[in-house]
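Engineer: What follows is the file protein.txt, containing compact mmCIF, C-alpha atoms:
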```txt
# COMPACT_ATOMS: atom_id res chain seq x y z
CA MET R 1 98.78 101.17 99.47
CA ARG R 2 101.00 104.25 99.44
CA ASP R 3 99.14 105.54 96.36
CA ILE R 4 95.69 105.39 97.95
CA LEU R 5 96.60 106.57 101.47
CA PRO R 6 95.79 110.25 100.76
CA VAL R 7 92.18 109.27 99.93
CA LEU R 8 91.96 106.92 102.91
CA GLY R 9 93.29 109.65 105.17
CA ARG R 10 90.51 111.99 104.04
CA TRP R 11 87.84 109.34 104.66
CA TYR R 12 89.31 108.64 108.08
CA ALA R 13 89.49 112.33 109.03
CA ALA R 14 85.85 112.77 107.99
CA ARG R 15 84.97 109.75 110.20
CA HIS R 16 83.71 107.68 107.27
CA PRO R 17 84.31 103.96 107.97
CA PHE R 18 85.74 102.01 105.04
CA GLY R 19 86.70 98.47 104.13
CA LEU R 20 90.39 97.92 103.36
CA ALA R 21 91.58 94.84 101.47
CA THR R 22 95.34 94.17 101.47
CA VAL R 23 97.29 91.45 99.69
CA VAL R 24 99.19 89.65 102.47
CA GLU R 25 100.46 86.57 100.63
CA VAL R 26 100.94 85.44 97.02
CA SER R 27 102.00 82.31 95.19
CA ARG R 28 103.05 81.58 91.61
CA SER R 29 102.09 84.20 89.01
CA ALA R 30 100.00 86.48 91.20
CA PRO R 31 99.24 89.83 89.54
CA ARG R 32 100.05 92.08 92.54
CA ASP R 33 102.68 91.91 95.27
CA PRO R 34 102.02 91.82 99.03
CA GLY R 35 100.97 95.26 100.21
CA ALA R 36 98.75 96.03 97.21
CA ALA R 37 95.46 97.40 98.49
CA MET R 38 91.92 98.28 97.56
CA ALA R 39 89.38 100.16 99.67
CA VAL R 40 85.64 100.72 99.54
CA GLY R 41 84.52 103.92 101.20
CA PRO R 42 81.53 106.26 101.50
CA ASP R 43 78.96 106.10 98.69
CA GLU R 44 80.65 102.82 97.61
CA GLU R 45 83.62 104.68 96.14
CA VAL R 46 86.48 102.33 95.23
CA VAL R 47 90.19 103.15 95.19
CA GLY R 48 93.16 100.88 94.50
CA SER R 49 93.45 97.37 93.13
CA VAL R 50 94.49 93.95 94.44
CA SER R 51 94.50 91.85 91.28
CA GLY R 52 94.35 94.09 88.24
CA GLY R 53 90.62 93.42 87.80
CA CYS R 54 90.32 89.65 88.31
CA VAL R 55 88.61 89.55 91.72
CA GLU R 56 87.82 93.19 92.46
CA GLY R 57 84.06 92.57 92.21
CA ALA R 58 84.19 89.93 94.92
CA VAL R 59 86.49 92.07 97.06
CA PHE R 60 84.05 94.97 96.76
CA GLU R 61 81.33 92.82 98.35
CA LEU R 62 83.73 91.57 101.04
CA ALA R 63 84.74 95.12 101.95
CA ARG R 64 81.10 96.16 102.34
CA ASP R 65 80.42 93.09 104.49
CA VAL R 66 83.29 93.74 106.92
CA VAL R 67 82.23 97.35 107.39
CA ALA R 68 78.71 96.19 108.19
CA SER R 69 79.84 93.43 110.56
CA GLY R 70 82.87 95.16 112.05
CA GLU R 71 84.88 91.92 111.73
CA ALA R 72 87.96 91.33 109.56
CA ARG R 73 88.16 88.39 107.14
CA LEU R 74 90.95 86.46 105.46
CA GLU R 75 90.17 85.23 101.94
CA SER R 76 92.17 83.48 99.22
CA PHE R 77 91.58 83.63 95.47
CA GLY R 78 93.10 81.39 92.82
CA TYR R 79 92.30 79.77 89.49
CA SER R 80 89.73 76.95 89.68
CA ASP R 81 90.00 74.21 87.06
CA GLU R 82 86.91 72.51 88.47
CA ASP R 83 84.68 75.55 88.06
CA ALA R 84 85.71 77.84 85.23
CA PHE R 85 83.07 80.38 86.26
CA ALA R 86 84.32 80.72 89.84
CA VAL R 87 85.69 84.09 90.87
CA GLY R 88 89.46 83.75 90.68
CA LEU R 89 92.71 84.72 89.01
CA THR R 90 93.13 84.05 85.31
CA CYS R 91 96.94 84.07 85.61
CA GLY R 92 97.12 80.77 87.51
CA GLY R 93 98.46 82.25 90.75
CA GLU R 94 96.88 82.73 94.16
CA ILE R 95 96.51 85.71 96.46
CA THR R 96 95.46 85.90 100.08
CA LEU R 97 93.70 89.07 101.22
CA LEU R 98 93.05 90.51 104.64
CA VAL R 99 89.86 92.56 104.44
CA ARG R 100 89.23 94.68 107.52
CA PRO R 101 87.04 97.58 108.59
CA VAL R 102 88.83 100.84 109.38
CA SER R 103 87.43 103.60 111.56
CA ALA R 104 88.64 105.91 114.30
CA GLU R 105 87.22 103.52 116.90
CA LEU R 106 88.76 100.34 115.44
CA ASP R 107 92.13 101.78 114.38
CA PRO R 108 92.98 104.94 116.38
CA ALA R 109 96.48 105.23 114.86
CA PHE R 110 95.49 105.09 111.18
CA GLY R 111 95.40 108.86 110.76
CA GLU R 112 98.87 109.22 112.26
CA VAL R 113 100.20 106.49 109.96
CA ALA R 114 98.71 108.19 106.89
CA ALA R 115 100.25 111.50 107.94
CA SER R 116 103.66 109.90 108.46
CA VAL R 117 103.63 108.25 105.05
CA GLY R 118 102.62 111.53 103.43
CA ALA R 119 105.47 113.32 105.19
CA GLY R 120 108.05 110.70 104.25
CA GLU R 121 108.43 109.50 107.83
CA PRO R 122 109.24 105.75 108.06
CA VAL R 123 106.61 103.54 109.69
CA THR R 124 105.64 99.86 109.64
CA VAL R 125 102.08 98.68 110.22
CA ALA R 126 101.67 95.20 111.74
CA THR R 127 98.25 93.59 111.33
CA VAL R 128 97.02 90.26 112.71
CA THR R 129 95.80 87.99 109.91
CA GLY R 130 94.74 84.97 111.98
CA GLY R 131 95.31 82.70 114.98
CA PRO R 132 94.61 83.20 118.70
CA ALA R 133 94.80 86.98 118.43
CA PRO R 134 92.17 89.49 117.29
CA ARG R 135 92.18 89.41 113.49
CA GLY R 136 92.58 92.89 112.06
CA ALA R 137 94.25 94.31 115.19
CA THR R 138 97.06 96.70 114.26
CA LEU R 139 100.29 97.95 115.76
CA ALA R 140 102.02 100.95 114.15
CA VAL R 141 105.78 100.99 114.66
CA TRP R 142 108.02 104.02 114.08
CA PRO R 143 111.77 104.10 114.79
CA ASP R 144 111.09 105.93 118.06
CA ARG R 145 107.56 105.00 119.14
CA VAL R 146 104.60 102.62 118.73
CA ALA R 147 100.81 102.94 118.71
CA GLY R 148 98.13 100.30 119.08
CA THR R 149 98.30 96.68 120.21
CA LEU R 150 97.96 93.18 118.76
CA GLY R 151 96.32 91.94 121.95
CA ALA R 152 99.27 90.65 124.01
CA SER R 153 102.30 92.46 125.40
CA GLY R 154 104.74 89.69 124.44
CA LEU R 155 103.44 89.64 120.88
CA ASP R 156 103.68 93.44 120.69
CA ALA R 157 107.31 93.34 121.84
CA ALA R 158 108.39 90.66 119.36
CA VAL R 159 106.57 92.27 116.45
CA THR R 160 107.95 95.73 117.29
CA ALA R 161 111.51 94.40 117.09
CA ASP R 162 110.87 92.65 113.78
CA ALA R 163 108.96 95.62 112.36
CA ARG R 164 111.88 97.96 112.96
CA GLY R 165 114.20 95.50 111.25
CA GLU R 166 111.89 95.24 108.25
CA LEU R 167 111.55 99.03 108.17
CA ALA R 168 115.31 99.46 107.87
CA LEU R 169 115.19 97.19 104.80
CA GLY R 170 111.96 98.61 103.39
CA ALA R 171 110.56 95.06 103.42
CA THR R 172 106.96 93.85 103.56
CA GLY R 173 105.77 90.32 104.31
CA LEU R 174 103.90 87.81 106.49
CA ARG R 175 105.42 86.58 109.76
CA HIS R 176 104.29 83.99 112.30
CA TYR R 177 104.55 83.96 116.09
CA GLY R 178 103.22 82.24 119.16
CA PRO R 179 100.39 83.89 121.14
CA GLU R 180 102.94 85.76 123.29
CA GLY R 181 105.42 86.42 120.50
CA GLN R 182 107.28 83.11 120.71
CA ARG R 183 109.72 82.84 117.81
CA ARG R 184 109.44 79.08 117.30
CA GLU R 185 105.68 78.94 117.05
CA ASP R 186 103.50 79.87 114.08
CA SER R 187 99.96 80.06 115.43
CA VAL R 188 99.55 83.83 114.92
CA GLY R 189 99.94 85.38 111.49
CA VAL R 190 101.09 89.01 111.40
CA PHE R 191 101.48 91.03 108.20
CA LEU R 192 104.25 93.62 108.37
CA GLN R 193 103.87 96.42 105.83
CA SER R 194 106.78 98.86 105.73
CA PHE R 195 106.44 102.41 104.46
CA ALA R 196 110.06 103.47 104.14
CA PRO R 197 110.78 106.79 102.44
CA PRO R 198 111.69 106.41 98.76
CA PRO R 199 115.42 105.80 98.21
CA ARG R 200 117.40 108.82 97.08
CA MET R 201 119.22 109.30 93.80
CA LEU R 202 121.80 112.09 93.64
CA VAL R 203 122.84 113.25 90.16
CA PHE R 204 125.81 115.61 89.90
CA GLY R 205 126.12 117.64 86.70
CA ALA R 206 123.06 119.19 85.01
CA ILE R 207 123.65 117.97 81.45
CA ASP R 208 121.39 116.06 79.02
CA TYR R 209 122.69 112.75 80.35
CA ALA R 210 121.69 113.84 83.84
CA ALA R 211 118.17 114.66 82.62
CA ALA R 212 117.82 111.13 81.22
CA VAL R 213 119.13 109.55 84.44
CA ALA R 214 116.79 111.73 86.51
CA ARG R 215 113.82 110.70 84.38
CA ILE R 216 114.62 107.00 84.84
CA GLY R 217 115.17 107.43 88.57
CA ASP R 218 111.88 109.28 89.00
CA PHE R 219 110.04 106.55 87.06
CA LEU R 220 111.59 103.85 89.28
CA GLY R 221 110.41 105.60 92.45
CA TYR R 222 113.60 107.32 93.58
CA ARG R 223 113.57 110.78 95.15
CA VAL R 224 115.88 112.44 92.67
CA THR R 225 118.11 115.46 93.27
CA VAL R 226 120.21 117.06 90.52
CA CYS R 227 123.08 119.22 91.74
CA ASP R 228 125.25 121.58 89.68
CA ALA R 229 127.08 124.79 90.59
CA ARG R 230 126.14 126.42 87.25
CA PRO R 231 122.77 128.20 87.62
CA VAL R 232 122.33 128.52 83.86
CA PHE R 233 122.12 124.71 83.59
CA ALA R 234 120.64 123.81 86.99
CA THR R 235 117.09 124.94 86.27
CA PRO R 236 113.92 122.96 87.07
CA ARG R 237 112.49 123.35 83.55
CA ARG R 238 115.28 121.15 82.17
CA PHE R 239 114.24 118.20 84.33
CA PRO R 240 111.09 116.14 84.98
CA GLU R 241 108.49 117.50 87.36
CA GLY R 242 109.17 116.33 90.90
CA VAL R 243 112.95 116.26 90.51
CA GLU R 244 114.73 118.55 92.97
CA VAL R 245 117.33 120.84 91.36
CA VAL R 246 120.05 122.38 93.56
CA VAL R 247 122.56 125.04 92.60
CA GLU R 248 125.65 124.17 94.63
CA TRP R 249 129.12 122.71 94.32
CA PRO R 250 128.64 118.92 94.49
CA HIS R 251 131.19 118.33 97.28
CA ARG R 252 129.52 120.97 99.45
CA TYR R 253 126.04 119.62 98.81
CA LEU R 254 127.08 116.03 99.49
CA ARG R 255 128.77 117.03 102.74
CA GLY R 256 125.54 118.58 104.02
CA THR R 257 122.94 116.03 102.89
CA GLU R 258 121.91 112.69 104.35
CA THR R 259 122.74 109.45 102.54
CA ASP R 260 122.31 105.82 103.49
CA GLU R 261 122.86 102.34 102.08
CA ARG R 262 119.91 102.79 99.69
CA THR R 263 121.20 106.04 98.17
CA GLY R 264 122.37 105.87 94.57
CA GLY R 265 124.42 108.45 92.72
CA SER R 266 125.72 109.45 89.32
CA ALA R 267 128.42 111.99 88.42
CA SER R 268 128.52 113.61 85.00
CA SER R 269 130.97 115.85 83.16
CA ARG R 270 130.50 118.02 80.10
CA THR R 271 132.02 115.40 77.80
CA THR R 272 131.95 111.86 79.14
CA PRO R 273 129.47 110.69 81.78
CA SER R 274 130.84 108.40 84.45
CA SER R 275 129.19 105.15 85.39
CA THR R 276 126.63 104.99 88.19
CA SER R 277 128.19 104.56 91.61
CA ARG R 278 127.12 104.27 95.23
CA CYS R 279 127.20 107.22 97.60
CA SER R 280 128.55 106.77 101.09
```
Would you encode the structure as structure tokens?
Structural biologist:
Amino acid sequence: MRDILPVLGRWYAARHPFGLATVVEVSRSAPRDPGAAMAVGPDEEVVGSVSGGCVEGAVFELARDVVASGEARLESFGYSDEDAFAVGLTCGGEITLLVRPVSAELDPAFGEVAASVGAGEPVTVATVTGGPAPRGATLAVWPDRVAGTLGASGLDAAVTADARGELALGATGLRHYGPEGQRREDSVGVFLQSFAPPPRMLVFGAIDYAAAVARIGDFLGYRVTVCDARPVFATPRRFPEGVEVVVEWPHRYLRGTETDERTGGSASSRTTPSSTSRCS
């Protein structure tokens, strides 16, 4: 979802309605995790993927249908032994998709969510998947504010609390509530999709070992910073594109930068690199 949001944001800003399919639940050997998304926009342009190619044709038709009808749908796909020609997953797993129409009228906060994700601002989007609540209704939850509604004030309050907890963990998943947010009921399904900023990796010492660590961290999705007080070594051309390079004494840089429980770090010397450690 994070990968296709820039395109979706442009469609939304241009007031082009689109159909958005999101994986909300998986079982067994499903090809994509919850949160994977595919969208069908203007001129039938397709971005994203929900199954690596297994059911994208069927999802394309579903996305067009929900845009035309204005109503969200929940669909499951899995392997069918009874009908080998049925549309399904060849890997033997099962995925459940929420396919909903998105427009400025149906989802007024979508543009703000897309902008927050692009700016690295944490936000969780809660979407009703089924039950006695409007399917496809969304509630965007930031650490300091909310936008939208799931149709009931009690449900909004319970989901807001859970969404902020999931956001702190960077977690995504399906939750169940009662119609007014009751914790011991499961009649309303709500998918919580967290867009936490990428975890940071701080690498101290701009040597060849540091370049290899930075490359691995960048590949794994970390926001990597390499810090060294020697300007002759701390140059961007020695590191992968997208890696931040800072010329500063490590203790001074660390004192002035934010870290949290997800921050990882590595310290290197000219001769023997130390093992990876946690920053606090």
Engineer: Between R:Leu202, R:Ala21, R:Arg223, R:Leu139, which has the minimum distance to Thr257 of chain R (counting all atoms listed in the file)?
Structural biologist: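 Once distances to Thr257 of chain R are computed over all atoms listed in the file, the minimum belongs to R:Leu202.
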Engineer: By how many Å are atom CA of Thr160 of chain R and atom CA of Ala140 of chain R apart?
Structural biologist: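 Value for the atom CA of Thr160 of chain R-atom CA of Ala140 of chain R distance: 8.5 Å.
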Engineer: Report the distance between atom CA of Leu74 of chain R and atom CA of Ala13 of chain R in Å, rounded to one decimal place.
Structural biologist: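 That distance, rounded to one decimal, is 26.2 Å.
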Engineer: Pick out the closest residue to Gly170 of chain R from this set: R:Val123, R:Val102, R:Val141, R:Val117. Count all atoms listed in the file.
Structural biologist: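 Closest to Gly170 of chain R of all the choices is R:Val123.
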Engineer: Got a sec: who's within 9 Å of Phe191 of chain R, counting all atoms listed in the file, leaving out chain neighbours fewer than 3 positions off, as a short mmCIF file (atom, residue, chain, number, x, y, z; two decimals) with C-alpha atoms, in the coordinates of the input?
Structural biologist:
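Result file is result_17.cif:
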```
data_model
loop_
_atom_site.label_atom_id
_atom_site.label_comp_id
_atom_site.auth_asym_id
_atom_site.auth_seq_id
_atom_site.Cartn_x
_atom_site.Cartn_y
_atom_site.Cartn_z
CA VAL R 24 99.19 89.65 102.47
CA GLU R 25 100.46 86.57 100.63
CA VAL R 125 102.08 98.68 110.22
CA ALA R 126 101.67 95.20 111.74
CA THR R 127 98.25 93.59 111.33
CA VAL R 128 97.02 90.26 112.71
CA THR R 129 95.80 87.99 109.91
CA THR R 172 106.96 93.85 103.56
CA GLY R 173 105.77 90.32 104.31
CA LEU R 174 103.90 87.81 106.49
CA ARG R 175 105.42 86.58 109.76
CA HIS R 176 104.29 83.99 112.30
#
```
Engineer: Separation of atom CA of Val224 of chain R and atom CA of Ala115 of chain R, in Å?
Structural biologist: 21.9 Å
Engineer: Let me make sure I understand: among R:Ala152, R:Glu166, R:Gly9, R:Pro231, which one has the smallest atom-to-atom distance to Ala109 of chain R if we use all atoms listed in the file?
Structural biologist: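 With all atoms listed in the file as the atom set, the closest residue is R:Gly9.
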Engineer: Could you list, as a list of chain:residue names, every residue within 12 Å of Arg183 of chain R, counting only C-alpha atoms and ignoring same-chain residues fewer than 6 positions away?
Structural biologist: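 With the cut-off at 12 Å, the set is R:Gly154, R:Leu155, R:Ala157, R:Ala158, R:Val159, R:Ala161, R:Asp162, R:Arg175, R:His176, R:Tyr177, R:Gly189.
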Engineer: Show which residues sit within 9 Å of Val47 of chain R, as a list in words. Count only C-alpha atoms, and ignore same-chain residues fewer than 5 positions away.
Structural biologist: Ile4, Val7, Leu8, Ala37, Met38, Ala39, Val40 and Gly41 of chain R
Engineer: Name all residues at most 9 Å from Gly118 of chain R (count all atoms listed in the file; drop same-chain ones fewer than 3 positions away) and give them as number ranges by chain.
Structural biologist: R: 2, 5-6, 113-115, 121
Engineer: Do you know which residues are at most 10 Å from segment 225-230 of chain R counting all atoms listed in the file, after dropping those on the same chain fewer than 2 positions away, and could you put them as a PyMOL selection string?
Structural biologist: chain R and resi 200-207+210-211+213-214+217-218+222-223+232-236+239+242-254+265-268
Engineer: Point out the residue among R:Val188, R:Leu97, R:Leu169, R:Ala147 with the least atom-to-atom distance to Pro134 of chain R, counting all atoms listed in the file.
Structural biologist: R:Val188
Engineer: In terms of the shortest atom-to-atom distance over all atoms listed in the file, which of R:Ser103, R:Ser51, R:Ser69, R:Ser187 is closest to Arg15 of chain R?
Structural biologist: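 Closest to Arg15 of chain R, using all atoms listed in the file: R:Ser103.
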Engineer: Using all atoms listed in the file, which residue out of R:Arg135, R:Asp186, R:Ala168, R:Gly221 lies closest to Glu261 of chain R?
Structural biologist: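 When distances to Glu261 of chain R are compared using all atoms listed in the file, the smallest one comes from R:Ala168.
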